[in-house]
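As structure tokens, the structure follows; a few thoughts come after it.
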Amino acid sequence: DSAQFGDGHLMGVSRAQPCLIQQMTSASRRGGMLPEELIPNVFFLLVAGCSTTASLVANSLLVLLHPDNERQLRYVQGNPAARLGPCIDELLRFCPPVKKLVRQVRAGSKDFFFRDCLMRAGQTVNFVTATANMDPVVFGETAEKFDVRRRSGSSGGMMKTTKMRKHLGFGVGDHTCPGQLLGRLEAKVALEMVLFGGKFPGLELAQAPDEMKRRSVGPMSMIVTLPVKRNPKKCD
């Protein structure tokens with residue numbers, strides 16, 4: 001809790017090694033962030049920065065190694081330098097590590113309506129971003145399908161390049177994930193090593209996708225294990 005993990009301890013850590021936490025504690029000392037805001041935000045960075053990336057990598061491998069997506073995987077393997085970035089964006093849209101954002105209407109505020117929905121003071125609100133990522137108005141009639149070419153506009157001619165980044169895999173607006181650049185980089189490095197670096201040729205799922213064991217952790221649905229095997233016929 002804050003008594004054991006207070007501002008003094010955070011300052012001791014951040015002075016020893018300059019980092020984002022140092023900037024946050026400095027902002028707190030200047031009055032830019034209240035102590036009761038600092039502690040949960042630092043905790044969020046430490047925890048969410050690990051679990052979300054692990055979930056993104058596991059989800060990505062499950063989708064890319066799915067038998068139905070073999071041709072799409074080969075497409076990315078044909079030019080990973082140019083195609084892996086857009087592929088990761090499509091993965092963030094199709095199988096994001098965080099399925100929803102949970103927020104609370106400010107206590108003490110007045111009740112109000114948002115698009116015909118009554119919001120009460122103190123009420124918890126769930127924004128299911130994973131559902132919004134399947135909106136055909138934004139992503140076209142194939143929104144519920146995984147398509148690595150989506151960003152290039154080849155999905156029926158309905159997608160503009162700039163629209164791909166409209167997915168909510170990292171949130172939106174003031175609630176955009178501050179670690180999204182690091183998350184993209186970590187996913188890129190992991191996928192390059194496992195699928196596109198030549199170190200593990202011929203990988204395929206060793207278990208049916210719908211039999212993968214999952215567990216829910218807050219707003220995330222995480223794969224517990226992802227068994228794979230090497231198919232010698234695919235190693236050439």
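Chains: A, B, ... in order of the structure tokens. Residues: from 1 per chain. Ligands: from 1, in order shown.
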*So which bits of segment 9-228 of chain A end up helix (DSSP H, G or I) when you DSSP the backbone, as a PyMOL selection string?*
chain A and resi 9-16+20-29+35-64+67-78+80-94+129-132+136-139+150-152+161-166+173-175+180-196+209-211
*Nearest candidate to Pro67 of chain A (options A:Asn79, A:Gln207, A:Thr124, A:Ser216; using only C-alpha atoms)*: A:Gln207
*Could you jot down the atom CA of Val189 of chain A to atom CA of His66 of chain A separation for me, Å, one decimal place?*
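Interatomic distance, atom CA of Val189 of chain A to atom CA of His66 of chain A: 20.2 Å.
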List the spatial neighbours of Arg103 of chain A as a CSV table (one decimal) with C-alpha atoms, in the first residue's frame - criterion: any atom at most 10 Å away, only C-alpha atoms, same-chain residues fewer than 4 positions off excluded.
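After the write, result18.csv holds the following:
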```csv
chain,number,residue,atom,x,y,z
A,122,GLY,CA,-19.7,6.8,-8.7
A,123,GLN,CA,-20.9,4.3,-11.2
A,124,THR,CA,-18.4,1.9,-12.8
A,125,VAL,CA,-18.4,2.0,-16.6
A,126,ASN,CA,-17.0,-0.7,-19.0
A,127,PHE,CA,-15.9,0.5,-22.4
```
*Closest to Leu65 of chain A among A:Leu191, A:Val217, A:Leu203, A:Ala208, using only C-alpha atoms?*
A:Leu203
*Pick out the residues sitting within 8 Å of Ile88 of chain A, and hand them over as a list of chain:residue names; count only C-alpha atoms, and ignore anything fewer than 4 positions along from it in its own chain.*
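Once the nearby chain positions are removed, what remains is A:Ser60, A:Leu84, A:Leu92, A:Arg184, A:Ala187, A:Lys188.
With only C-alpha atoms as the atoms that count, the residue of A:Lys145, A:Arg120, A:Arg150, A:Arg93 with the shortest distance to Leu168 of chain A is A:Arg93.
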